[in-house]
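See structure below.
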Amino acid sequence: MPYPQVHIGPSAAKRTRHFDCWVFRDELLRPPPALTDGELVELIDTQGTFLAYAFYHTRSHIAARVVSTDHRCPVDRDLLAGRLKAAIAKRVDIRDTSAKRLVFSEADGLPGLIVDQYTDYLVLQIRTAGIERWKSTVVELLRDLVHPNGILERSDKEFRGEEGLPVVTQALSGTVPELIRIEEDGLKFVVDPHHGQKTGFYLDQRDTRRWVRDHVEAGARVLDVFAYTGAFGIGAASRGAQALCVEQDEALIALAKENAKLNKVDDRMEFVAGDAFYWLEAKATGHGPRFDWVLLDPPSLAKSKADTLKGRQALHHLLIQALGLLAEDGRLVLSVCTYHLLGLVEEILRIAAEERGLRLRVMGITRQAADHPWILQMPMTRYLMTWMVQRDGPRAA
């Protein structure tokens, strides 16, 4: 069947040929025909040549999201089945965990679709009007491919608004319990898929959690800031460290305490309910304890490019306080999940260290776990990086 054609400029056409998936509204050459949100269109260059099939949106800043560059393969059940099978197959080697991401949106050729697996249950998010049109087919295919006991939709985020979609949390297949118990590297965690951040657990931090457990020493004093449900602190405590977790949400602290008991480390953990920004500032300016490890994993500090300056200032403020809490030879583990700040973090960290009069030695860098793949030609798929640094002497050393 013929699809509406949308003509795009040379820059967007070049990116599309080189595997980028986004076309912005100001890159459209002429007003497209009357279309509906999520409709499949053909992207056409200035020569009238077919470039790709894409989901179109009438108002979003991202006007088109590429799904297929093969003229013979528009979006249909077969294409979706093939993309889902391929995505699941790529995760077969993710081991030592009962929770992983099965589908990561554009990185798996399914723009706007997130699917996470927690033992025998799936939690999905739909972020685009295009995938919304295919939701029932996606659910049917996931049932056939994975055979979950239940599928929960957690399309309850602000990104739905730009696509003109209502926020929703609902069961799409079977039933999903209020809490699910997962395991990661021998540790046990309770996940709240209905209300938790993201889809219930920070699956993308798996590699960083392993790095911390591999390096932390028994008896070390560990500060886990923005602790969420305690995964970092519990991992450190499982190696004999003493962990203090700071988290603002008391419901999350309750889950963290339950997780600590599950792993029999509650005697080595302390929990503080408070705003991490204010808590750090109060402790850094006092004469309280210093920590061998400070784990800093703040939420996104810049939701858009326009927020970059504000996000930079917030990160600088956090780092000034966190570095002030490091003991001699103490280590800072800084995670940043803000795409617009990733290229600035090293500079921000260096400036903060200079203001504290500290020399820092870089111990390592991790990125989002392998089930959240980063596509080189799609920079937006790289959104999480973690820097591990250690105090290496004062300015005069």
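Naming works like this for the structure tokens: A, B, ... for the chains as they're shown, residue 1 at the start of each chain, ligands 1 onward in shown order.
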With only C-alpha atoms as the counted atoms, please give the residues lying no more than 9 Å from range 338-355 of chain A, apart from itself and same-chain residues fewer than 6 positions off, as a PyMOL selection string. chain A and resi 299-305+307-308+311-313+315-317+319-320+323+379-385+387+395
Show which residues sit within 7 Å of Ser98 in chain A, as a PDB file with N, CA and C atoms, in the first residue's frame. Count only C-alpha atoms, and ignore same-chain residues fewer than 4 positions away.
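Output (selection_21.pdb):
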```pdb
ATOM      1  N   TYR A 118      11.457  -8.875  34.664  1.00  0.00           N
ATOM      2  CA  TYR A 118      11.713  -9.171  36.069  1.00  0.00           C
ATOM      3  C   TYR A 118      11.224 -10.590  36.337  1.00  0.00           C
ATOM      4  N   THR A 119      12.129 -11.531  36.389  1.00  0.00           N
ATOM      5  CA  THR A 119      11.830 -12.957  36.525  1.00  0.00           C
ATOM      6  C   THR A 119      10.785 -13.356  35.475  1.00  0.00           C
ATOM      7  N   ILE A 182      13.812 -10.193  42.760  1.00  0.00           N
ATOM      8  CA  ILE A 182      14.801 -10.534  41.737  1.00  0.00           C
ATOM      9  C   ILE A 182      16.130 -10.843  42.411  1.00  0.00           C
ATOM     10  N   GLU A 183      17.060 -11.382  41.626  1.00  0.00           N
ATOM     11  CA  GLU A 183      18.415 -11.633  42.098  1.00  0.00           C
ATOM     12  C   GLU A 183      19.417 -11.060  41.116  1.00  0.00           C
ATOM     13  N   GLU A 184      20.521 -10.563  41.665  1.00  0.00           N
ATOM     14  CA  GLU A 184      21.621 -10.053  40.842  1.00  0.00           C
ATOM     15  C   GLU A 184      22.925 -10.412  41.523  1.00  0.00           C
TER      16      GLU A 184
END
```
Counting only C-alpha atoms, which of A:Asp93, A:Glu217, A:Ser60, A:Gln368 gets nearest to Phe159 in chain A?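 Result for the nearest residue to Phe159 in chain A: A:Ser60.
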Alpha helix (DSSP H) per DSSP on the backbone: members of range 127-317 of chain A, as JSON, numbers by chain: {"A": [129, 130, 131, 132, 133, 135, 136, 137, 138, 139, 140, 141, 142, 143, 144, 145, 146, 159, 160, 161, 162, 206, 207, 208, 209, 210, 211, 212, 213, 214, 215, 231, 232, 233, 234, 235, 236, 237, 250, 251, 252, 253, 254, 255, 256, 257, 258, 259, 260, 261, 262, 276, 277, 278, 279, 280, 281, 282, 283, 284, 308, 309, 310, 311, 312, 313, 314, 315, 316, 317]}
Using only C-alpha atoms, can you tell me which of A:Asp144, A:Asp224, A:Asp70, A:Glu163 comes closest to Tyr56 in chain A?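 Closest residue, counting only C-alpha atoms: A:Glu163.
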For range 302-350 of chain A against range 265-289 of chain A, with a cut-off of 7 Å and counting only C-alpha atoms, what is the closest atom pair and its distance in Å to one decimal for every residue that makes the cut, ordered by chain and number, as CSV?
```
residue,atom,partner,partner_atom,distance
A:Leu318,CA,A:Phe277,CA,6.6
A:Gln321,CA,A:Ala284,CA,5.4
A:Ala322,CA,A:Leu280,CA,6.7
A:Gly324,CA,A:Ala284,CA,5.4
A:Leu325,CA,A:Ala284,CA,5.7
```
For the selection you just gave me, I'd like the residues written to a file as a short mmCIF file (atom, residue, chain, number, x, y, z; two decimals), in the first residue's frame, keeping N, CA and C atoms.
```
data_model
loop_
_atom_site.label_atom_id
_atom_site.label_comp_id
_atom_site.auth_asym_id
_atom_site.auth_seq_id
_atom_site.Cartn_x
_atom_site.Cartn_y
_atom_site.Cartn_z
N LEU A 318 26.66 19.58 43.87
CA LEU A 318 26.71 18.24 44.47
C LEU A 318 28.15 17.77 44.65
N GLN A 321 30.15 19.35 47.56
CA GLN A 321 29.79 18.78 48.85
C GLN A 321 30.31 17.34 48.98
N ALA A 322 30.13 16.54 47.94
CA ALA A 322 30.54 15.13 48.01
C ALA A 322 32.04 15.00 48.20
N GLY A 324 33.95 17.04 49.65
CA GLY A 324 34.27 17.46 51.00
C GLY A 324 34.04 16.38 52.05
N LEU A 325 33.36 15.32 51.67
CA LEU A 325 33.09 14.23 52.61
C LEU A 325 34.03 13.05 52.44
#
```
In terms of the shortest atom-to-atom distance over only C-alpha atoms, which of A:Val190, A:Met378, A:Val176, A:Val333 is closest to Val362 in chain A?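 Distance minimum relative to Val362 in chain A lands on A:Val333.
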Excluding Val225 in chain A and its own-chain neighbours fewer than 6 positions away, which residues fall within 7 Å of it when counting only C-alpha atoms? Please give them as a PyMOL selection string. chain A and resi 245-247+276+295-297
Might you pull out every residue within 12 Å of Ala231 in chain A, with only C-alpha atoms counted and same-chain residues fewer than 2 positions away left off, and present them as JSON, numbers by chain? {"A": [182, 183, 184, 185, 187, 188, 189, 190, 191, 201, 202, 203, 205, 206, 208, 209, 210, 212, 213, 224, 225, 226, 227, 228, 229, 233, 234, 235, 236, 237, 238, 243, 244, 245, 252, 253, 255, 256, 257, 258, 259, 260, 262, 263, 265, 269, 295, 297]}
As a PyMOL selection string, please: the residues near Asp20 in chain A (cut-off 10 Å, only C-alpha atoms, same-chain neighbours under 6 positions excluded). chain A and resi 12-14+65-66+106+375-380
Let's have the selection written as a PDB file, in the first residue's frame, with C-alpha atoms.
```
ATOM      1  CA  ALA A  12      18.466  15.060   7.922  1.00  0.00           C
ATOM      2  CA  ALA A  13      18.708  12.868   4.827  1.00  0.00           C
ATOM      3  CA  LYS A  14      22.428  12.360   5.374  1.00  0.00           C
ATOM      4  CA  ARG A  65      11.273   8.473  14.011  1.00  0.00           C
ATOM      5  CA  VAL A  66      12.821   6.020  11.576  1.00  0.00           C
ATOM      6  CA  GLU A 106      15.674   3.123  18.952  1.00  0.00           C
ATOM      7  CA  ILE A 375      24.488   2.908  18.943  1.00  0.00           C
ATOM      8  CA  LEU A 376      27.429   4.959  17.694  1.00  0.00           C
ATOM      9  CA  GLN A 377      25.447   6.882  15.076  1.00  0.00           C
ATOM     10  CA  MET A 378      22.689   7.652  17.576  1.00  0.00           C
ATOM     11  CA  PRO A 379      24.295   9.681  20.376  1.00  0.00           C
ATOM     12  CA  MET A 380      21.020   9.914  22.294  1.00  0.00           C
TER      13      MET A 380
END
```
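The residue set within 6 Å of Val389 in chain A, counting only C-alpha atoms and dropping same-chain residues fewer than 6 places from it, reads Arg331, Leu332, Leu360, Arg361, Val362 and Met363 of chain A.
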Pick from A:Leu334, A:Met388, A:Val222, A:Ala369 nearest to Arg101 in chain A, counting only C-alpha atoms: A:Ala369
When DSSP works through the backbone of this structure, what residues of range 149-365 of chain A end up as strand (DSSP E), shown as a ChimeraX atom specification? /A:150-155,168-174,180-184,187-191,221-225,242-247,269-273,291-296,326-336,358-365
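Take CA of Asp292 in chain A and CA of Gly330 in chain A: the distance between them is 4.3 Å.
If you measure from each of A:Gln390, A:Pro298, A:Pro373, A:Cys73 to Ala327 in chain A using only C-alpha atoms, the closest one turns out to be A:Gln390.
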Nearest candidate to Thr46 in chain A (options A:Gly9, A:Gly130, A:Pro33, A:Gly196; using only C-alpha atoms): A:Gly9
